[in-house]
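Notes follow once the structure below has been shown.
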2 protein chains.
Amino acid sequence: MDAGQGPAGHRQTGQRPTGERRTAILGAAARLFAARGYRGVTIDDLGRAVGTTGPALYRHFPGKEALLGEVLVDISDRLSRRGRELVAGAGGPRDALEALLRGHIEFSLDEPDLITVHDRELGNLTEEDRSRVRRLQRGYVEEWVGVLTELRPASRPAALRASVHAAFGLLNSTPHSRGALSRDEMAALLLRMGSAALLAGDPVPGPG
Amino acid sequence: MDAGQGPAGHRQTGQRPTGERRTAILGAAARLFAARGYRGVTIDDLGRAVGTTGPALYRHFPGKEALLGEVLVDISDRLSRRGRELVAGAGGPRDALEALLRGHIEFSLDEPDLITVHDRELGNLTEEDRSRVRRLQRGYVEEWVGVLTELRPASRPAALRASVHAAFGLLNSTPHSRGALSRDEMAALLLRMGSAALLAGDPVPGPG
DNA sequence: GAGGGATGTTAATGCTCACTAACAACAGTG
DNA sequence: CACTGTTGTTAGTGAGCATTAACATCCCTC
């Protein structure tokens, strides 16, 4: 039915297996937006970062806003999808919580740029992209809230949601403490702290 | 030696007791920078927010950058000064930690705008302002680290520092969970979570 | 080897915005 | 009431920047 290739049917030199440039631009965008903010990065900066000039970007994306949109939707999508999978595959709420913590920590240690951009740049999105990202974020939060509901039945949903946001703040702090600890030490520390914080939400922690 | 008034020797109508306009501009700057980011706010926005036009701002500040500088230095200064006082007035490390937590929570609930701007806009500062802010922030962090050192003698300084940054992330999450809980409920929740997180830093929490 | 699509390049274009100029109002002081 | 300093106002001015136009390449297909 078709030639079996993606939208751009190139090969041979191995330079463009499919959308390599596109992916490179998205990566550079995440990195630069994290470092200098959306408004602090110009089209020319982005082009230069991937070895072309600025306007070449318009061959791959309709504009700067769309670029940011794609980056943010991608992060939110990966986080929420991962959360759903982890919870589904866990044995019980305790297991699920640890899996969520480990998953989020892995993400924040591997991709601090994406974490940084994640809710710093919501305001620069199209109305449509913004609501997409918000919906995905809400879904991810509710995944955590669902697990916490089983572990802290005495807490109201509003308190659980606030707890989850607070835990995200804790877990996402890695961009602020770069390099002091090894990756494994940092992961272990965040796991202990995050776990303790989330389970400390109830005024009376012991059994009902 | 002088007329006994500030730099602007006005009164009578009661409109400008001293630098009222100046203070209003700083407040508007904090609010608008928090909402839309430094680059997303124009001089005209700032003027309009305080009932004048944009260029009037230059009668009070040398430029937009100086405005941001003053806001950030002010926050950092208040936080670190407060931290020093609280620790000095505490009975022991346990007391001091609780005082630091309560103080920081109060600040973040009372001035979410300042918290939001605090480390989001460091990159837009003059080199000089940036290093001033960094020095103040470091002092504040070290205040916390000093207290934690007594409570968790088994932890290395790097781990303590990372713990403190993580706790700040947790405590500063309030802008993300607005209005769901009452102020007092939120304060209590953050105190429990922050305390648990900071004391959970050691692999083995018990004595020796 | 001509046609065509994908991808780049350089040169506009037009808007936004920080900052400056030139001028006005006004209060307190001699 | 002239004098002066403070604070505003309305028009520039010039730089930066996203986007578009017009024009090259290159590769693949026929």
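In the structure tokens, each chain is lettered A, B, ... as it comes, each chain's residues begin at 1, and ligands are numbered from 1 in order of appearance.
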Can you pull out every residue within 8 Å of range 13-23 of chain C, counting only C-alpha atoms (C1' of nucleotides), but drop anything in the same chain fewer than 3 positions away, and send it as a PyMOL selection string?
(chain B and resi 42-43) or (chain D and resi 12+20)
Superposed chain B (on chain A, all in-order C-alpha pairs) as a short mmCIF file (atom, residue, chain, number, x, y, z; two decimals) with C-alpha atoms, in the first residue's frame:
```cif
data_model
loop_
_atom_site.label_atom_id
_atom_site.label_comp_id
_atom_site.auth_asym_id
_atom_site.auth_seq_id
_atom_site.Cartn_x
_atom_site.Cartn_y
_atom_site.Cartn_z
CA MET B 1 -0.81 1.45 -0.37
CA ASP B 2 2.32 3.51 0.34
CA ALA B 3 6.07 3.36 -0.05
CA GLY B 4 6.48 2.16 3.49
CA GLN B 5 8.37 5.20 4.67
CA GLY B 6 7.45 8.09 6.91
CA PRO B 7 6.42 11.52 5.74
CA ALA B 8 9.96 12.15 4.51
CA GLY B 9 11.03 9.29 2.27
CA HIS B 10 14.79 9.70 2.50
CA ARG B 11 17.62 7.33 3.33
CA GLN B 12 20.84 6.21 1.77
CA THR B 13 23.20 8.70 3.44
CA GLY B 14 21.73 7.67 6.78
CA GLN B 15 21.39 11.30 7.73
CA ARG B 16 17.63 11.34 8.20
CA PRO B 17 16.27 7.90 9.10
CA THR B 18 13.03 9.64 10.04
CA GLY B 19 12.47 12.96 11.70
CA GLU B 20 15.92 13.00 13.23
CA ARG B 21 16.15 16.75 12.80
CA ARG B 22 12.70 17.16 14.26
CA THR B 23 13.65 15.23 17.36
CA ALA B 24 16.88 17.19 17.69
CA ILE B 25 14.93 20.43 17.61
CA LEU B 26 12.58 19.21 20.32
CA GLY B 27 15.53 18.21 22.48
CA ALA B 28 17.26 21.54 22.00
CA ALA B 29 14.00 23.33 22.75
CA ALA B 30 13.57 21.50 26.05
CA ARG B 31 17.14 22.22 27.05
CA LEU B 32 17.13 25.88 26.05
CA PHE B 33 13.64 26.61 27.39
CA ALA B 34 14.70 25.09 30.70
CA ALA B 35 17.86 27.17 30.84
CA ARG B 36 16.57 30.55 29.69
CA GLY B 37 12.78 30.34 29.58
CA TYR B 38 10.53 30.24 26.52
CA ARG B 39 10.76 33.97 25.88
CA GLY B 40 14.49 34.00 26.42
CA VAL B 41 15.11 31.64 23.51
CA THR B 42 15.00 32.84 19.92
CA ILE B 43 14.32 30.93 16.76
CA ASP B 44 17.91 31.54 15.75
CA ASP B 45 19.14 30.06 19.03
CA LEU B 46 17.16 26.92 18.30
CA GLY B 47 18.44 26.67 14.75
CA ARG B 48 22.04 27.18 15.84
CA ALA B 49 21.64 24.50 18.52
CA VAL B 50 20.85 21.87 15.90
CA GLY B 51 23.34 23.04 13.30
CA THR B 52 21.04 24.97 10.99
CA THR B 53 19.79 28.52 10.85
CA GLY B 54 16.64 29.77 12.54
CA PRO B 55 14.05 29.75 9.77
CA ALA B 56 14.81 26.13 8.89
CA LEU B 57 12.71 25.32 11.92
CA TYR B 58 9.58 26.23 9.99
CA ARG B 59 10.09 23.19 7.76
CA HIS B 60 9.35 21.04 10.80
CA PHE B 61 7.02 23.06 13.00
CA PRO B 62 4.41 25.71 12.29
CA GLY B 63 5.98 28.05 14.84
CA LYS B 64 7.61 28.55 18.17
CA GLU B 65 4.41 28.12 20.13
CA ALA B 66 3.72 24.74 18.55
CA LEU B 67 7.20 23.65 19.54
CA LEU B 68 6.60 24.44 23.19
CA GLY B 69 3.22 22.77 22.97
CA GLU B 70 4.71 19.56 21.67
CA VAL B 71 7.36 19.51 24.38
CA LEU B 72 4.87 20.03 27.20
CA VAL B 73 2.25 17.65 25.89
CA ASP B 74 4.92 15.01 25.43
CA ILE B 75 6.15 15.31 29.03
CA SER B 76 2.67 15.29 30.49
CA ASP B 77 1.68 12.37 28.35
CA ARG B 78 4.69 10.28 29.30
CA LEU B 79 4.25 11.00 32.99
CA SER B 80 0.56 10.17 33.12
CA ARG B 81 0.87 7.08 30.93
CA ARG B 82 3.73 5.81 33.06
CA GLY B 83 1.79 6.47 36.22
CA ARG B 84 -1.18 4.51 34.97
CA GLU B 85 1.01 1.55 34.04
CA LEU B 86 2.85 1.51 37.33
CA VAL B 87 -0.31 1.59 39.41
CA ALA B 88 -1.94 -1.09 37.28
CA GLY B 89 1.05 -3.37 37.71
CA ALA B 90 1.42 -2.93 41.47
CA GLY B 91 0.34 -5.46 44.07
CA GLY B 92 -1.29 -3.06 46.51
CA PRO B 93 -1.41 0.61 47.47
CA ARG B 94 1.88 0.49 49.31
CA ASP B 95 3.56 -1.07 46.31
CA ALA B 96 1.87 1.34 43.98
CA LEU B 97 3.04 4.36 45.96
CA GLU B 98 6.61 3.17 45.94
CA ALA B 99 6.42 2.49 42.22
CA LEU B 100 5.02 5.95 41.55
CA LEU B 101 7.74 7.52 43.66
CA ARG B 102 10.50 5.56 41.93
CA GLY B 103 9.08 6.31 38.52
CA HIS B 104 8.77 10.02 39.15
CA ILE B 105 12.23 10.21 40.70
CA GLU B 106 13.74 8.41 37.73
CA PHE B 107 12.06 10.85 35.41
CA SER B 108 13.16 13.91 37.32
CA LEU B 109 16.75 12.71 37.58
CA ASP B 110 16.94 11.69 33.93
CA GLU B 111 15.24 14.71 32.44
CA PRO B 112 15.64 17.71 34.71
CA ASP B 113 15.12 20.01 31.74
CA LEU B 114 11.66 18.66 31.08
CA ILE B 115 10.80 18.89 34.76
CA THR B 116 11.93 22.50 34.85
CA VAL B 117 9.91 23.50 31.84
CA HIS B 118 6.91 21.45 32.84
CA ASP B 119 4.87 23.93 34.82
CA ARG B 120 7.01 27.01 34.34
CA GLU B 121 5.80 27.59 30.81
CA LEU B 122 2.14 26.65 30.91
CA GLY B 123 1.24 30.30 30.42
CA ASN B 124 2.92 30.50 27.03
CA LEU B 125 0.80 27.76 25.53
CA THR B 126 -2.12 27.97 23.12
CA GLU B 127 -5.45 27.69 24.87
CA GLU B 128 -5.89 24.30 23.26
CA ASP B 129 -2.47 22.97 24.23
CA ARG B 130 -2.86 24.33 27.72
CA SER B 131 -6.07 22.45 28.31
CA ARG B 132 -4.57 19.26 26.90
CA VAL B 133 -1.63 19.55 29.27
CA ARG B 134 -3.89 20.38 32.19
CA ARG B 135 -6.05 17.33 31.51
CA LEU B 136 -3.02 15.05 31.40
CA GLN B 137 -1.57 16.56 34.57
CA ARG B 138 -4.88 16.15 36.35
CA GLY B 139 -4.98 12.50 35.34
CA TYR B 140 -1.50 11.95 36.72
CA VAL B 141 -2.35 13.65 39.99
CA GLU B 142 -5.51 11.59 40.33
CA GLU B 143 -3.47 8.42 39.90
CA TRP B 144 -1.48 9.40 42.98
CA VAL B 145 -4.57 10.55 44.84
CA GLY B 146 -6.27 7.22 44.18
CA VAL B 147 -3.39 5.33 45.74
CA LEU B 148 -3.17 7.70 48.68
CA THR B 149 -6.87 7.37 49.31
CA GLU B 150 -6.34 3.77 50.24
CA LEU B 151 -3.39 4.56 52.47
CA ARG B 152 -4.91 7.57 54.21
CA PRO B 153 -8.66 6.99 54.29
CA ALA B 154 -9.08 9.61 57.01
CA SER B 155 -7.93 12.45 54.77
CA ARG B 156 -10.24 14.47 52.58
CA PRO B 157 -9.58 14.47 48.82
CA ALA B 158 -8.54 18.12 48.91
CA ALA B 159 -5.88 17.32 51.48
CA LEU B 160 -4.65 14.39 49.44
CA ARG B 161 -4.43 16.50 46.34
CA ALA B 162 -2.47 19.16 48.19
CA SER B 163 -0.19 16.45 49.57
CA VAL B 164 0.50 15.18 46.07
CA HIS B 165 1.33 18.64 44.77
CA ALA B 166 3.65 19.14 47.71
CA ALA B 167 5.34 15.82 47.01
CA PHE B 168 5.84 16.82 43.38
CA GLY B 169 7.52 19.99 44.57
CA LEU B 170 9.84 17.91 46.68
CA LEU B 171 10.63 15.39 43.95
CA ASN B 172 11.11 18.08 41.32
CA SER B 173 13.68 19.93 43.40
CA THR B 174 16.58 18.13 41.73
CA PRO B 175 17.37 20.93 39.30
CA HIS B 176 18.13 23.06 42.38
CA SER B 177 20.64 20.69 43.94
CA ARG B 178 22.72 19.55 41.04
CA GLY B 179 25.72 17.35 41.35
CA ALA B 180 26.16 17.32 45.10
CA LEU B 181 25.14 13.70 45.48
CA SER B 182 25.49 10.74 43.18
CA ARG B 183 22.46 9.74 41.21
CA ASP B 184 21.75 6.73 43.40
CA GLU B 185 22.17 8.65 46.63
CA MET B 186 19.88 11.35 45.40
CA ALA B 187 17.28 8.83 44.29
CA ALA B 188 17.35 7.09 47.65
CA LEU B 189 17.11 10.36 49.54
CA LEU B 190 14.15 11.54 47.49
CA LEU B 191 12.41 8.21 47.93
CA ARG B 192 12.73 8.32 51.72
CA MET B 193 11.72 11.97 51.95
CA GLY B 194 8.82 11.68 49.53
CA SER B 195 7.49 8.57 51.16
CA ALA B 196 7.70 10.04 54.64
CA ALA B 197 6.06 13.28 53.53
CA LEU B 198 3.15 11.56 51.81
CA LEU B 199 2.43 9.22 54.69
CA ALA B 200 2.70 12.03 57.24
CA GLY B 201 -0.31 13.81 55.84
CA ASP B 202 -2.77 12.61 58.45
CA PRO B 203 -2.85 14.35 61.83
CA VAL B 204 -2.91 10.93 63.49
CA PRO B 205 -0.74 8.54 61.52
CA GLY B 206 -1.54 5.37 63.44
CA PRO B 207 -4.46 2.96 62.77
CA GLY B 208 -8.07 4.12 63.19
#
```
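The coordinates place C1' of DC26 in chain D at 14.5 Å from C1' of DG1 in chain C.
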Please, which residues of chain D lie no more than 9 Å from chain A when the count uses only C-alpha atoms (C1' of nucleotides), and can they be set out as a PDB file with all heavy atoms, in the first residue's frame?
```
ATOM      1  P    DC D  17      16.492  38.844  20.713  1.00  0.00           P
ATOM      2  OP1  DC D  17      16.373  38.207  22.036  1.00  0.00           O
ATOM      3  OP2  DC D  17      17.664  38.629  19.862  1.00  0.00           O
ATOM      4  O5'  DC D  17      15.187  38.482  19.883  1.00  0.00           O
ATOM      5  C5'  DC D  17      13.928  38.940  20.359  1.00  0.00           C
ATOM      6  C4'  DC D  17      12.845  38.580  19.372  1.00  0.00           C
ATOM      7  O4'  DC D  17      12.755  39.609  18.372  1.00  0.00           O
ATOM      8  C3'  DC D  17      13.111  37.267  18.620  1.00  0.00           C
ATOM      9  O3'  DC D  17      11.921  36.511  18.617  1.00  0.00           O
ATOM     10  C2'  DC D  17      13.466  37.747  17.222  1.00  0.00           C
ATOM     11  C1'  DC D  17      12.609  39.001  17.116  1.00  0.00           C
ATOM     12  N1   DC D  17      13.056  39.965  16.078  1.00  0.00           N
ATOM     13  C2   DC D  17      12.095  40.640  15.329  1.00  0.00           C
ATOM     14  O2   DC D  17      10.902  40.434  15.553  1.00  0.00           O
ATOM     15  N3   DC D  17      12.497  41.510  14.359  1.00  0.00           N
ATOM     16  C4   DC D  17      13.799  41.694  14.149  1.00  0.00           C
ATOM     17  N4   DC D  17      14.151  42.555  13.207  1.00  0.00           N
ATOM     18  C5   DC D  17      14.796  41.013  14.917  1.00  0.00           C
ATOM     19  C6   DC D  17      14.386  40.161  15.864  1.00  0.00           C
ATOM     20  P    DA D  18      11.986  34.905  18.550  1.00  0.00           P
ATOM     21  OP1  DA D  18      11.842  34.384  19.913  1.00  0.00           O
ATOM     22  OP2  DA D  18      13.161  34.520  17.737  1.00  0.00           O
ATOM     23  O5'  DA D  18      10.658  34.565  17.748  1.00  0.00           O
ATOM     24  C5'  DA D  18       9.431  34.970  18.306  1.00  0.00           C
ATOM     25  C4'  DA D  18       8.418  35.186  17.198  1.00  0.00           C
ATOM     26  O4'  DA D  18       8.861  36.259  16.348  1.00  0.00           O
ATOM     27  C3'  DA D  18       8.186  33.982  16.294  1.00  0.00           C
ATOM     28  O3'  DA D  18       6.805  33.860  16.040  1.00  0.00           O
ATOM     29  C2'  DA D  18       8.990  34.324  15.038  1.00  0.00           C
ATOM     30  C1'  DA D  18       8.901  35.845  15.007  1.00  0.00           C
ATOM     31  N9   DA D  18      10.060  36.507  14.385  1.00  0.00           N
ATOM     32  C8   DA D  18      11.380  36.309  14.684  1.00  0.00           C
ATOM     33  N7   DA D  18      12.198  37.057  13.984  1.00  0.00           N
ATOM     34  C5   DA D  18      11.371  37.809  13.172  1.00  0.00           C
ATOM     35  C6   DA D  18      11.627  38.786  12.195  1.00  0.00           C
ATOM     36  N6   DA D  18      12.850  39.203  11.858  1.00  0.00           N
ATOM     37  N1   DA D  18      10.570  39.337  11.566  1.00  0.00           N
ATOM     38  C2   DA D  18       9.347  38.932  11.901  1.00  0.00           C
ATOM     39  N3   DA D  18       8.979  38.019  12.804  1.00  0.00           N
ATOM     40  C4   DA D  18      10.044  37.486  13.412  1.00  0.00           C
ATOM     41  P    DT D  19       6.219  32.556  15.369  1.00  0.00           P
ATOM     42  OP1  DT D  19       4.842  32.347  15.846  1.00  0.00           O
ATOM     43  OP2  DT D  19       7.202  31.479  15.491  1.00  0.00           O
ATOM     44  O5'  DT D  19       6.160  33.032  13.851  1.00  0.00           O
ATOM     45  C5'  DT D  19       5.450  34.237  13.576  1.00  0.00           C
ATOM     46  C4'  DT D  19       5.714  34.679  12.157  1.00  0.00           C
ATOM     47  O4'  DT D  19       7.026  35.264  12.026  1.00  0.00           O
ATOM     48  C3'  DT D  19       5.642  33.584  11.082  1.00  0.00           C
ATOM     49  O3'  DT D  19       4.572  33.890  10.200  1.00  0.00           O
ATOM     50  C2'  DT D  19       7.003  33.655  10.389  1.00  0.00           C
ATOM     51  C1'  DT D  19       7.441  35.070  10.703  1.00  0.00           C
ATOM     52  N1   DT D  19       8.902  35.327  10.636  1.00  0.00           N
ATOM     53  C2   DT D  19       9.369  36.283   9.753  1.00  0.00           C
ATOM     54  O2   DT D  19       8.635  36.926   9.017  1.00  0.00           O
ATOM     55  N3   DT D  19      10.733  36.463   9.768  1.00  0.00           N
ATOM     56  C4   DT D  19      11.644  35.783  10.551  1.00  0.00           C
ATOM     57  O4   DT D  19      12.853  36.038  10.464  1.00  0.00           O
ATOM     58  C5   DT D  19      11.103  34.805  11.445  1.00  0.00           C
ATOM     59  C7   DT D  19      12.006  34.029  12.345  1.00  0.00           C
ATOM     60  C6   DT D  19       9.762  34.626  11.455  1.00  0.00           C
ATOM     61  P    DC D  27      22.510  14.464  -2.255  1.00  0.00           P
ATOM     62  OP1  DC D  27      23.421  14.090  -1.158  1.00  0.00           O
ATOM     63  OP2  DC D  27      23.029  14.564  -3.648  1.00  0.00           O
ATOM     64  O5'  DC D  27      21.272  13.477  -2.221  1.00  0.00           O
ATOM     65  C5'  DC D  27      20.303  13.642  -1.179  1.00  0.00           C
ATOM     66  C4'  DC D  27      18.999  12.998  -1.589  1.00  0.00           C
ATOM     67  O4'  DC D  27      18.257  13.900  -2.444  1.00  0.00           O
ATOM     68  C3'  DC D  27      19.169  11.691  -2.369  1.00  0.00           C
ATOM     69  O3'  DC D  27      18.311  10.729  -1.815  1.00  0.00           O
ATOM     70  C2'  DC D  27      18.763  12.060  -3.794  1.00  0.00           C
ATOM     71  C1'  DC D  27      17.779  13.204  -3.565  1.00  0.00           C
ATOM     72  N1   DC D  27      17.710  14.194  -4.676  1.00  0.00           N
ATOM     73  C2   DC D  27      16.453  14.651  -5.124  1.00  0.00           C
ATOM     74  O2   DC D  27      15.430  14.218  -4.588  1.00  0.00           O
ATOM     75  N3   DC D  27      16.396  15.547  -6.133  1.00  0.00           N
ATOM     76  C4   DC D  27      17.524  15.993  -6.678  1.00  0.00           C
ATOM     77  N4   DC D  27      17.413  16.890  -7.671  1.00  0.00           N
ATOM     78  C5   DC D  27      18.806  15.553  -6.244  1.00  0.00           C
ATOM     79  C6   DC D  27      18.858  14.652  -5.251  1.00  0.00           C
ATOM     80  P    DC D  28      18.485   9.183  -2.235  1.00  0.00           P
ATOM     81  OP1  DC D  28      18.595   8.388  -1.003  1.00  0.00           O
ATOM     82  OP2  DC D  28      19.507   9.048  -3.296  1.00  0.00           O
ATOM     83  O5'  DC D  28      17.049   8.901  -2.882  1.00  0.00           O
ATOM     84  C5'  DC D  28      15.899   9.471  -2.262  1.00  0.00           C
ATOM     85  C4'  DC D  28      14.748   9.487  -3.251  1.00  0.00           C
ATOM     86  O4'  DC D  28      14.921  10.591  -4.172  1.00  0.00           O
ATOM     87  C3'  DC D  28      14.645   8.219  -4.098  1.00  0.00           C
ATOM     88  O3'  DC D  28      13.334   7.702  -3.994  1.00  0.00           O
ATOM     89  C2'  DC D  28      14.974   8.680  -5.523  1.00  0.00           C
ATOM     90  C1'  DC D  28      14.598  10.161  -5.477  1.00  0.00           C
ATOM     91  N1   DC D  28      15.365  11.022  -6.415  1.00  0.00           N
ATOM     92  C2   DC D  28      14.693  11.927  -7.265  1.00  0.00           C
ATOM     93  O2   DC D  28      13.461  11.976  -7.222  1.00  0.00           O
ATOM     94  N3   DC D  28      15.401  12.717  -8.114  1.00  0.00           N
ATOM     95  C4   DC D  28      16.726  12.634  -8.129  1.00  0.00           C
ATOM     96  N4   DC D  28      17.395  13.437  -8.976  1.00  0.00           N
ATOM     97  C5   DC D  28      17.445  11.733  -7.281  1.00  0.00           C
ATOM     98  C6   DC D  28      16.728  10.949  -6.443  1.00  0.00           C
TER      99       DC D  28
END
```
Mind running chain C against chain A at 8 Å and telling me each contacting residue's nearest atom pair with the distance in Å (one decimal), counting only C-alpha atoms (C1' of nucleotides), chain and number ascending, as CSV?
```
residue,atom,partner,partner_atom,distance
C:DA6,C1',A:Ala8,CA,7.2
C:DT7,C1',A:Arg59,CA,6.9
C:DG8,C1',A:Ala56,CA,6.2
C:DT9,C1',A:Thr53,CA,7.8
```
Using only N, CA, C and O atoms (P, O5', C5', C4', C3', O3' and C1' of nucleotides), please write the residues we just selected to a file, as an mmCIF file, in the first residue's frame.
```cif
data_model
loop_
_atom_site.group_PDB
_atom_site.id
_atom_site.type_symbol
_atom_site.label_atom_id
_atom_site.label_comp_id
_atom_site.auth_asym_id
_atom_site.auth_seq_id
_atom_site.Cartn_x
_atom_site.Cartn_y
_atom_site.Cartn_z
ATOM 1 P P DA C 6 6.932 16.853 0.636
ATOM 2 O "O5'" DA C 6 8.326 16.854 1.411
ATOM 3 C "C5'" DA C 6 9.216 15.763 1.234
ATOM 4 C "C4'" DA C 6 10.586 16.147 1.754
ATOM 5 C "C3'" DA C 6 10.548 17.049 2.988
ATOM 6 O "O3'" DA C 6 11.515 16.575 3.901
ATOM 7 C "C1'" DA C 6 11.808 18.087 1.276
ATOM 8 P P DT C 7 11.701 17.190 5.309
ATOM 9 O "O5'" DT C 7 12.849 18.266 5.063
ATOM 10 C "C5'" DT C 7 14.151 17.801 4.779
ATOM 11 C "C4'" DT C 7 15.061 18.971 4.498
ATOM 12 C "C3'" DT C 7 15.099 20.024 5.629
ATOM 13 O "O3'" DT C 7 16.444 20.145 6.062
ATOM 14 C "C1'" DT C 7 14.893 21.028 3.501
ATOM 15 P P DG C 8 16.798 20.817 7.475
ATOM 16 O "O5'" DG C 8 17.795 21.965 7.017
ATOM 17 C "C5'" DG C 8 17.490 22.639 5.806
ATOM 18 C "C4'" DG C 8 18.665 23.395 5.269
ATOM 19 C "C3'" DG C 8 18.868 24.708 6.029
ATOM 20 O "O3'" DG C 8 20.221 25.102 6.167
ATOM 21 C "C1'" DG C 8 18.049 25.140 3.822
ATOM 22 P P DT C 9 20.497 26.475 7.019
ATOM 23 O "O5'" DT C 9 20.583 27.549 5.839
ATOM 24 C "C5'" DT C 9 21.372 27.250 4.682
ATOM 25 C "C4'" DT C 9 21.454 28.496 3.810
ATOM 26 C "C3'" DT C 9 21.495 29.760 4.678
ATOM 27 O "O3'" DT C 9 22.598 30.595 4.393
ATOM 28 C "C1'" DT C 9 19.681 29.883 3.108
#
```
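For the pair C1' of DT4 in chain D and C1' of DC26 in chain C, the separation is 11.5 Å.
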If DSSP is run on the backbone, what residues of chain A are alpha helix (DSSP H)? A reply as a PyMOL selection string would be ideal.
chain A and resi 20-36+43-49+64-88+93-110+112-118+127-151+157-171+183-199
d(C1' of DT25 in chain D, C1' of DG5 in chain C) in Å
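C1' of DT25 in chain D sits 12.0 Å away from C1' of DG5 in chain C.
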